[in-house]
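Okay, upload-v8.txt is below, compact mmCIF, N, CA and C atoms:
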```
# COMPACT_ATOMS: atom_id res chain seq x y z
N MET A 1 -7.90 -84.44 93.48
CA MET A 1 -8.01 -85.86 93.78
C MET A 1 -6.73 -86.56 93.33
N LEU A 2 -6.32 -87.51 94.12
CA LEU A 2 -5.13 -88.29 93.80
C LEU A 2 -5.54 -89.72 93.51
N TYR A 3 -5.15 -90.20 92.35
CA TYR A 3 -5.43 -91.56 91.92
C TYR A 3 -4.10 -92.24 91.64
N GLY A 4 -3.50 -92.82 92.66
CA GLY A 4 -2.19 -93.43 92.50
C GLY A 4 -1.18 -92.37 92.11
N GLN A 5 -0.62 -92.47 90.92
CA GLN A 5 0.38 -91.52 90.43
C GLN A 5 -0.25 -90.40 89.60
N VAL A 6 -1.57 -90.34 89.57
CA VAL A 6 -2.27 -89.33 88.78
C VAL A 6 -2.99 -88.37 89.72
N SER A 7 -2.82 -87.09 89.43
CA SER A 7 -3.47 -86.05 90.22
C SER A 7 -4.38 -85.23 89.32
N ILE A 8 -5.58 -84.93 89.83
CA ILE A 8 -6.50 -84.05 89.12
C ILE A 8 -6.93 -82.98 90.10
N ASP A 9 -6.53 -81.76 89.81
CA ASP A 9 -6.79 -80.63 90.69
C ASP A 9 -7.15 -79.43 89.81
N PRO A 10 -8.31 -78.83 90.03
CA PRO A 10 -8.69 -77.69 89.20
C PRO A 10 -7.70 -76.53 89.25
N GLU A 11 -6.88 -76.49 90.29
CA GLU A 11 -5.88 -75.43 90.43
C GLU A 11 -4.58 -75.72 89.67
N ILE A 12 -4.42 -76.93 89.17
CA ILE A 12 -3.21 -77.32 88.45
C ILE A 12 -3.59 -77.69 87.02
N MET A 13 -3.09 -76.95 86.07
CA MET A 13 -3.32 -77.21 84.65
C MET A 13 -4.82 -77.31 84.34
N SER A 14 -5.62 -76.50 85.01
CA SER A 14 -7.08 -76.44 84.80
C SER A 14 -7.77 -77.79 84.96
N GLY A 15 -7.23 -78.62 85.85
CA GLY A 15 -7.87 -79.90 86.13
C GLY A 15 -7.45 -81.03 85.21
N THR A 16 -6.47 -80.80 84.36
CA THR A 16 -5.95 -81.86 83.50
C THR A 16 -5.28 -82.93 84.37
N ALA A 17 -5.44 -84.17 84.01
CA ALA A 17 -4.77 -85.26 84.74
C ALA A 17 -3.27 -85.12 84.52
N VAL A 18 -2.54 -84.99 85.64
CA VAL A 18 -1.08 -84.85 85.59
C VAL A 18 -0.44 -85.91 86.46
N PHE A 19 0.85 -86.12 86.24
CA PHE A 19 1.60 -86.98 87.14
C PHE A 19 1.67 -86.29 88.48
N ALA A 20 1.35 -87.02 89.55
CA ALA A 20 1.31 -86.46 90.89
C ALA A 20 2.60 -85.72 91.21
N GLY A 21 2.46 -84.52 91.77
CA GLY A 21 3.61 -83.72 92.15
C GLY A 21 4.28 -82.98 91.01
N THR A 22 3.67 -83.02 89.81
CA THR A 22 4.24 -82.34 88.65
C THR A 22 3.14 -81.55 87.95
N ARG A 23 3.52 -80.88 86.89
CA ARG A 23 2.56 -80.23 86.00
C ARG A 23 2.61 -80.90 84.62
N VAL A 24 3.06 -82.15 84.59
CA VAL A 24 3.20 -82.89 83.33
C VAL A 24 1.91 -83.68 83.09
N PRO A 25 1.16 -83.34 82.04
CA PRO A 25 -0.05 -84.08 81.74
C PRO A 25 0.24 -85.55 81.42
N VAL A 26 -0.60 -86.42 81.94
CA VAL A 26 -0.49 -87.85 81.66
C VAL A 26 -0.61 -88.09 80.16
N GLN A 27 -1.42 -87.29 79.50
CA GLN A 27 -1.61 -87.42 78.05
C GLN A 27 -0.29 -87.37 77.30
N ASN A 28 0.68 -86.62 77.82
CA ASN A 28 1.98 -86.53 77.15
C ASN A 28 2.64 -87.90 77.00
N LEU A 29 2.52 -88.73 78.02
CA LEU A 29 3.12 -90.07 77.94
C LEU A 29 2.49 -90.86 76.80
N PHE A 30 1.18 -90.82 76.70
CA PHE A 30 0.51 -91.57 75.64
C PHE A 30 0.79 -90.96 74.27
N ASP A 31 0.95 -89.65 74.20
CA ASP A 31 1.31 -89.01 72.94
C ASP A 31 2.70 -89.46 72.47
N TYR A 32 3.63 -89.57 73.41
CA TYR A 32 4.97 -90.04 73.06
C TYR A 32 4.91 -91.46 72.51
N ILE A 33 4.20 -92.32 73.20
CA ILE A 33 4.10 -93.71 72.77
C ILE A 33 3.42 -93.80 71.41
N GLU A 34 2.33 -93.05 71.26
CA GLU A 34 1.60 -93.05 69.99
C GLU A 34 2.49 -92.54 68.85
N GLY A 35 3.37 -91.60 69.15
CA GLY A 35 4.27 -91.05 68.15
C GLY A 35 5.48 -91.90 67.85
N GLY A 36 5.59 -93.04 68.53
CA GLY A 36 6.69 -93.96 68.27
C GLY A 36 7.90 -93.78 69.17
N ASP A 37 7.81 -92.86 70.12
CA ASP A 37 8.90 -92.67 71.08
C ASP A 37 8.75 -93.67 72.21
N GLY A 38 9.83 -93.96 72.86
CA GLY A 38 9.80 -94.90 73.97
C GLY A 38 9.72 -94.20 75.32
N LEU A 39 9.62 -95.01 76.34
CA LEU A 39 9.53 -94.50 77.70
C LEU A 39 10.76 -93.69 78.07
N LEU A 40 11.93 -94.14 77.64
CA LEU A 40 13.17 -93.41 77.98
C LEU A 40 13.19 -92.01 77.38
N GLU A 41 12.70 -91.85 76.16
CA GLU A 41 12.63 -90.52 75.56
C GLU A 41 11.70 -89.62 76.36
N PHE A 42 10.56 -90.17 76.74
CA PHE A 42 9.61 -89.40 77.56
C PHE A 42 10.27 -88.97 78.86
N LEU A 43 10.91 -89.90 79.54
CA LEU A 43 11.54 -89.59 80.83
C LEU A 43 12.67 -88.58 80.67
N ASP A 44 13.41 -88.65 79.57
CA ASP A 44 14.48 -87.67 79.31
C ASP A 44 13.89 -86.27 79.14
N ASP A 45 12.76 -86.18 78.47
CA ASP A 45 12.15 -84.88 78.20
C ASP A 45 11.36 -84.33 79.39
N PHE A 46 10.97 -85.20 80.30
CA PHE A 46 10.20 -84.78 81.48
C PHE A 46 10.85 -85.35 82.74
N PRO A 47 11.98 -84.81 83.14
CA PRO A 47 12.73 -85.37 84.27
C PRO A 47 12.00 -85.30 85.62
N SER A 48 10.94 -84.50 85.71
CA SER A 48 10.19 -84.45 86.97
C SER A 48 9.30 -85.68 87.16
N VAL A 49 9.14 -86.48 86.10
CA VAL A 49 8.36 -87.71 86.19
C VAL A 49 9.32 -88.87 86.41
N SER A 50 9.08 -89.64 87.46
CA SER A 50 9.95 -90.79 87.72
C SER A 50 9.54 -91.97 86.83
N LYS A 51 10.49 -92.85 86.62
CA LYS A 51 10.21 -94.06 85.85
C LYS A 51 9.10 -94.86 86.52
N GLU A 52 9.13 -94.93 87.85
CA GLU A 52 8.12 -95.67 88.59
C GLU A 52 6.73 -95.08 88.37
N ALA A 53 6.63 -93.74 88.35
CA ALA A 53 5.34 -93.09 88.13
C ALA A 53 4.82 -93.37 86.73
N ALA A 54 5.69 -93.29 85.73
CA ALA A 54 5.27 -93.56 84.35
C ALA A 54 4.81 -95.00 84.19
N ILE A 55 5.54 -95.93 84.77
CA ILE A 55 5.15 -97.34 84.69
C ILE A 55 3.84 -97.57 85.43
N ALA A 56 3.64 -96.92 86.56
CA ALA A 56 2.39 -97.07 87.31
C ALA A 56 1.21 -96.59 86.48
N VAL A 57 1.37 -95.50 85.76
CA VAL A 57 0.29 -94.99 84.90
C VAL A 57 0.01 -95.97 83.76
N LEU A 58 1.06 -96.52 83.17
CA LEU A 58 0.86 -97.51 82.12
C LEU A 58 0.15 -98.75 82.67
N GLU A 59 0.49 -99.14 83.89
CA GLU A 59 -0.17 -100.28 84.52
C GLU A 59 -1.65 -99.98 84.79
N MET A 60 -1.94 -98.73 85.18
CA MET A 60 -3.34 -98.34 85.39
C MET A 60 -4.13 -98.47 84.09
N ALA A 61 -3.52 -98.00 82.99
CA ALA A 61 -4.18 -98.09 81.69
C ALA A 61 -4.36 -99.55 81.28
N LYS A 62 -3.33 -100.34 81.50
CA LYS A 62 -3.41 -101.77 81.17
C LYS A 62 -4.53 -102.43 81.95
N HIS A 63 -4.60 -102.16 83.23
CA HIS A 63 -5.64 -102.75 84.08
C HIS A 63 -7.03 -102.34 83.59
N THR A 64 -7.17 -101.07 83.23
CA THR A 64 -8.47 -100.57 82.76
C THR A 64 -8.89 -101.25 81.47
N LEU A 65 -7.94 -101.55 80.62
CA LEU A 65 -8.27 -102.10 79.31
C LEU A 65 -8.26 -103.62 79.25
N THR A 66 -7.84 -104.27 80.32
CA THR A 66 -7.79 -105.73 80.30
C THR A 66 -8.65 -106.37 81.38
N THR A 67 -9.40 -105.58 82.10
CA THR A 67 -10.25 -106.10 83.15
C THR A 67 -11.70 -105.83 82.78
N GLU A 68 -12.48 -106.90 82.65
CA GLU A 68 -13.87 -106.75 82.22
C GLU A 68 -14.65 -105.81 83.13
N LYS A 69 -14.46 -105.94 84.44
CA LYS A 69 -15.18 -105.08 85.39
C LYS A 69 -14.83 -103.61 85.15
N ALA A 70 -13.54 -103.31 84.98
CA ALA A 70 -13.12 -101.93 84.74
C ALA A 70 -13.65 -101.43 83.42
N LEU A 71 -13.63 -102.25 82.39
CA LEU A 71 -14.18 -101.86 81.10
C LEU A 71 -15.66 -101.54 81.23
N HIS A 72 -16.40 -102.38 81.91
CA HIS A 72 -17.82 -102.15 82.10
C HIS A 72 -18.08 -100.88 82.87
N GLU A 73 -17.34 -100.65 83.96
CA GLU A 73 -17.55 -99.46 84.78
C GLU A 73 -17.19 -98.19 84.04
N ASN A 74 -16.18 -98.24 83.18
CA ASN A 74 -15.70 -97.03 82.52
C ASN A 74 -16.26 -96.79 81.13
N PHE A 75 -16.68 -97.84 80.45
CA PHE A 75 -17.04 -97.66 79.06
C PHE A 75 -18.40 -98.22 78.65
N ALA A 76 -19.10 -98.86 79.55
CA ALA A 76 -20.40 -99.44 79.17
C ALA A 76 -21.50 -98.40 79.23
```
Translate this file's structure into C-alpha cells.
Amino acid sequence: MLYGQVSIDPEIMSGTAVFAGTRVPVQNLFDYIEGGDGLLEFLDDFPSVSKEAAIAVLEMAKHTLTTEKALHENFA
C-alpha cells in the first residue's frame, strides 16, 4: 500500500513502513530527530530519501497529531 511518501509492502522490509521507492524505514527519520540530529543529517545518511519525501512524512505526522478528527480516528 502506498500512503503518500510512505510504502507498506510485506515483500519490502517485512512490511515496515518505508519511504516510497526505498528500503529506508520511516522510523529512522523520527529516530534521528529524537536523537537530536537534524533533517540534513538524516538526508546525508540516507541519500535515497529526497528532502521532499522527508518533509511530506513530517507533514503527515503533524497533520495526524494536530487534527482532532485524525487523532480520534487513530488513537481513540
Exercise for review: List every residue of chain A that DSSP, applied to the backbone of this structure, places in strand (DSSP E or B), and write the result as a ChimeraX atom specification.
Suggested key: /A:2-3,6-7,18-19,25
Of A:Asn28, A:Phe46, A:Gly35, A:Val57, the one sitting nearest Ser7 (chain A) when using only C-alpha atoms is A:Val57
Worksheet entry | Residues within 8 Å of Thr22 (chain A), only N, CA and C atoms, excluding chain neighbours under 4 positions, as a VMD selection string | chain A and resid 7 12 to 13 18 48 to 49
Write a file of the selected residues as an mmCIF file, keeping the file's coordinate frame, keeping N, CA and C atoms.
```
data_model
loop_
_atom_site.group_PDB
_atom_site.id
_atom_site.type_symbol
_atom_site.label_atom_id
_atom_site.label_comp_id
_atom_site.auth_asym_id
_atom_site.auth_seq_id
_atom_site.Cartn_x
_atom_site.Cartn_y
_atom_site.Cartn_z
ATOM 1 N N SER A 7 -2.820 -87.090 89.430
ATOM 2 C CA SER A 7 -3.470 -86.050 90.220
ATOM 3 C C SER A 7 -4.380 -85.230 89.320
ATOM 4 N N ILE A 12 -4.420 -76.930 89.170
ATOM 5 C CA ILE A 12 -3.210 -77.320 88.450
ATOM 6 C C ILE A 12 -3.590 -77.690 87.020
ATOM 7 N N MET A 13 -3.090 -76.950 86.070
ATOM 8 C CA MET A 13 -3.320 -77.210 84.650
ATOM 9 C C MET A 13 -4.820 -77.310 84.340
ATOM 10 N N VAL A 18 -2.540 -84.990 85.640
ATOM 11 C CA VAL A 18 -1.080 -84.850 85.590
ATOM 12 C C VAL A 18 -0.440 -85.910 86.460
ATOM 13 N N SER A 48 10.940 -84.500 85.710
ATOM 14 C CA SER A 48 10.190 -84.450 86.970
ATOM 15 C C SER A 48 9.300 -85.680 87.160
ATOM 16 N N VAL A 49 9.140 -86.480 86.100
ATOM 17 C CA VAL A 49 8.360 -87.710 86.190
ATOM 18 C C VAL A 49 9.320 -88.870 86.410
#
```
Can you check which residues of chain A DSSP gives as alpha helix (DSSP H) on the backbone and send them as a PyMOL selection string? chain A and resi 26-34+39-45+51-66+68-75
For a quick check of understanding, using only N, CA and C atoms, which of A:Asp45, A:Thr67, A:Ala53, A:Glu34 has the smallest distance to Ala20 (chain A)?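 When distances to Ala20 (chain A) are compared using only N, CA and C atoms, the smallest one comes from A:Ala53.
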Could you complete region 49-69 of chain A so that it carries N, CA, C and O atoms, and give it back as a PDB file, keeping the file's coordinate frame?
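Ended up saving to rebuild_19.pdb:
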```pdb
ATOM      1  N   VAL A  49       9.140 -86.480  86.100  1.00  0.00           N
ATOM      2  CA  VAL A  49       8.360 -87.710  86.190  1.00  0.00           C
ATOM      3  C   VAL A  49       9.320 -88.870  86.410  1.00  0.00           C
ATOM      4  O   VAL A  49      10.245 -89.075  85.634  1.00  0.00           O
ATOM      5  N   SER A  50       9.080 -89.640  87.460  1.00  0.00           N
ATOM      6  CA  SER A  50       9.950 -90.790  87.720  1.00  0.00           C
ATOM      7  C   SER A  50       9.540 -91.970  86.830  1.00  0.00           C
ATOM      8  O   SER A  50       8.405 -92.055  86.365  1.00  0.00           O
ATOM      9  N   LYS A  51      10.490 -92.850  86.620  1.00  0.00           N
ATOM     10  CA  LYS A  51      10.210 -94.060  85.850  1.00  0.00           C
ATOM     11  C   LYS A  51       9.100 -94.860  86.520  1.00  0.00           C
ATOM     12  O   LYS A  51       8.208 -95.384  85.856  1.00  0.00           O
ATOM     13  N   GLU A  52       9.130 -94.930  87.850  1.00  0.00           N
ATOM     14  CA  GLU A  52       8.120 -95.670  88.590  1.00  0.00           C
ATOM     15  C   GLU A  52       6.730 -95.080  88.370  1.00  0.00           C
ATOM     16  O   GLU A  52       5.757 -95.809  88.220  1.00  0.00           O
ATOM     17  N   ALA A  53       6.630 -93.740  88.350  1.00  0.00           N
ATOM     18  CA  ALA A  53       5.340 -93.090  88.130  1.00  0.00           C
ATOM     19  C   ALA A  53       4.820 -93.370  86.730  1.00  0.00           C
ATOM     20  O   ALA A  53       3.633 -93.673  86.550  1.00  0.00           O
ATOM     21  N   ALA A  54       5.690 -93.290  85.730  1.00  0.00           N
ATOM     22  CA  ALA A  54       5.270 -93.560  84.350  1.00  0.00           C
ATOM     23  C   ALA A  54       4.810 -95.000  84.190  1.00  0.00           C
ATOM     24  O   ALA A  54       3.773 -95.264  83.579  1.00  0.00           O
ATOM     25  N   ILE A  55       5.540 -95.930  84.770  1.00  0.00           N
ATOM     26  CA  ILE A  55       5.150 -97.340  84.690  1.00  0.00           C
ATOM     27  C   ILE A  55       3.840 -97.570  85.430  1.00  0.00           C
ATOM     28  O   ILE A  55       2.972 -98.322  84.948  1.00  0.00           O
ATOM     29  N   ALA A  56       3.640 -96.920  86.560  1.00  0.00           N
ATOM     30  CA  ALA A  56       2.390 -97.070  87.310  1.00  0.00           C
ATOM     31  C   ALA A  56       1.210 -96.590  86.480  1.00  0.00           C
ATOM     32  O   ALA A  56       0.142 -97.226  86.472  1.00  0.00           O
ATOM     33  N   VAL A  57       1.370 -95.500  85.760  1.00  0.00           N
ATOM     34  CA  VAL A  57       0.290 -94.990  84.900  1.00  0.00           C
ATOM     35  C   VAL A  57       0.010 -95.970  83.760  1.00  0.00           C
ATOM     36  O   VAL A  57      -1.142 -96.242  83.433  1.00  0.00           O
ATOM     37  N   LEU A  58       1.060 -96.520  83.170  1.00  0.00           N
ATOM     38  CA  LEU A  58       0.860 -97.510  82.120  1.00  0.00           C
ATOM     39  C   LEU A  58       0.150 -98.750  82.670  1.00  0.00           C
ATOM     40  O   LEU A  58      -0.716 -99.334  82.001  1.00  0.00           O
ATOM     41  N   GLU A  59       0.490 -99.140  83.890  1.00  0.00           N
ATOM     42  CA  GLU A  59      -0.170-100.280  84.520  1.00  0.00           C
ATOM     43  C   GLU A  59      -1.650 -99.980  84.790  1.00  0.00           C
ATOM     44  O   GLU A  59      -2.501-100.853  84.637  1.00  0.00           O
ATOM     45  N   MET A  60      -1.940 -98.730  85.180  1.00  0.00           N
ATOM     46  CA  MET A  60      -3.340 -98.340  85.390  1.00  0.00           C
ATOM     47  C   MET A  60      -4.130 -98.470  84.090  1.00  0.00           C
ATOM     48  O   MET A  60      -5.248 -98.982  84.066  1.00  0.00           O
ATOM     49  N   ALA A  61      -3.520 -98.000  82.990  1.00  0.00           N
ATOM     50  CA  ALA A  61      -4.180 -98.090  81.690  1.00  0.00           C
ATOM     51  C   ALA A  61      -4.360 -99.550  81.280  1.00  0.00           C
ATOM     52  O   ALA A  61      -5.420 -99.944  80.787  1.00  0.00           O
ATOM     53  N   LYS A  62      -3.330-100.340  81.500  1.00  0.00           N
ATOM     54  CA  LYS A  62      -3.410-101.770  81.170  1.00  0.00           C
ATOM     55  C   LYS A  62      -4.530-102.430  81.950  1.00  0.00           C
ATOM     56  O   LYS A  62      -5.331-103.182  81.385  1.00  0.00           O
ATOM     57  N   HIS A  63      -4.600-102.160  83.230  1.00  0.00           N
ATOM     58  CA  HIS A  63      -5.640-102.750  84.080  1.00  0.00           C
ATOM     59  C   HIS A  63      -7.030-102.340  83.590  1.00  0.00           C
ATOM     60  O   HIS A  63      -7.942-103.156  83.512  1.00  0.00           O
ATOM     61  N   THR A  64      -7.170-101.070  83.230  1.00  0.00           N
ATOM     62  CA  THR A  64      -8.470-100.570  82.760  1.00  0.00           C
ATOM     63  C   THR A  64      -8.890-101.250  81.470  1.00  0.00           C
ATOM     64  O   THR A  64     -10.066-101.544  81.273  1.00  0.00           O
ATOM     65  N   LEU A  65      -7.940-101.550  80.620  1.00  0.00           N
ATOM     66  CA  LEU A  65      -8.270-102.100  79.310  1.00  0.00           C
ATOM     67  C   LEU A  65      -8.260-103.620  79.250  1.00  0.00           C
ATOM     68  O   LEU A  65      -8.612-104.202  78.237  1.00  0.00           O
ATOM     69  N   THR A  66      -7.840-104.270  80.320  1.00  0.00           N
ATOM     70  CA  THR A  66      -7.790-105.730  80.300  1.00  0.00           C
ATOM     71  C   THR A  66      -8.650-106.370  81.380  1.00  0.00           C
ATOM     72  O   THR A  66      -8.621-107.593  81.520  1.00  0.00           O
ATOM     73  N   THR A  67      -9.400-105.580  82.100  1.00  0.00           N
ATOM     74  CA  THR A  67     -10.250-106.100  83.150  1.00  0.00           C
ATOM     75  C   THR A  67     -11.700-105.830  82.780  1.00  0.00           C
ATOM     76  O   THR A  67     -12.099-104.677  82.595  1.00  0.00           O
ATOM     77  N   GLU A  68     -12.480-106.900  82.650  1.00  0.00           N
ATOM     78  CA  GLU A  68     -13.870-106.750  82.220  1.00  0.00           C
ATOM     79  C   GLU A  68     -14.650-105.810  83.130  1.00  0.00           C
ATOM     80  O   GLU A  68     -15.396-104.949  82.673  1.00  0.00           O
ATOM     81  N   LYS A  69     -14.460-105.940  84.440  1.00  0.00           N
ATOM     82  CA  LYS A  69     -15.180-105.080  85.390  1.00  0.00           C
ATOM     83  C   LYS A  69     -14.830-103.610  85.150  1.00  0.00           C
ATOM     84  O   LYS A  69     -15.706-102.752  85.091  1.00  0.00           O
TER      85      LYS A  69
END
```
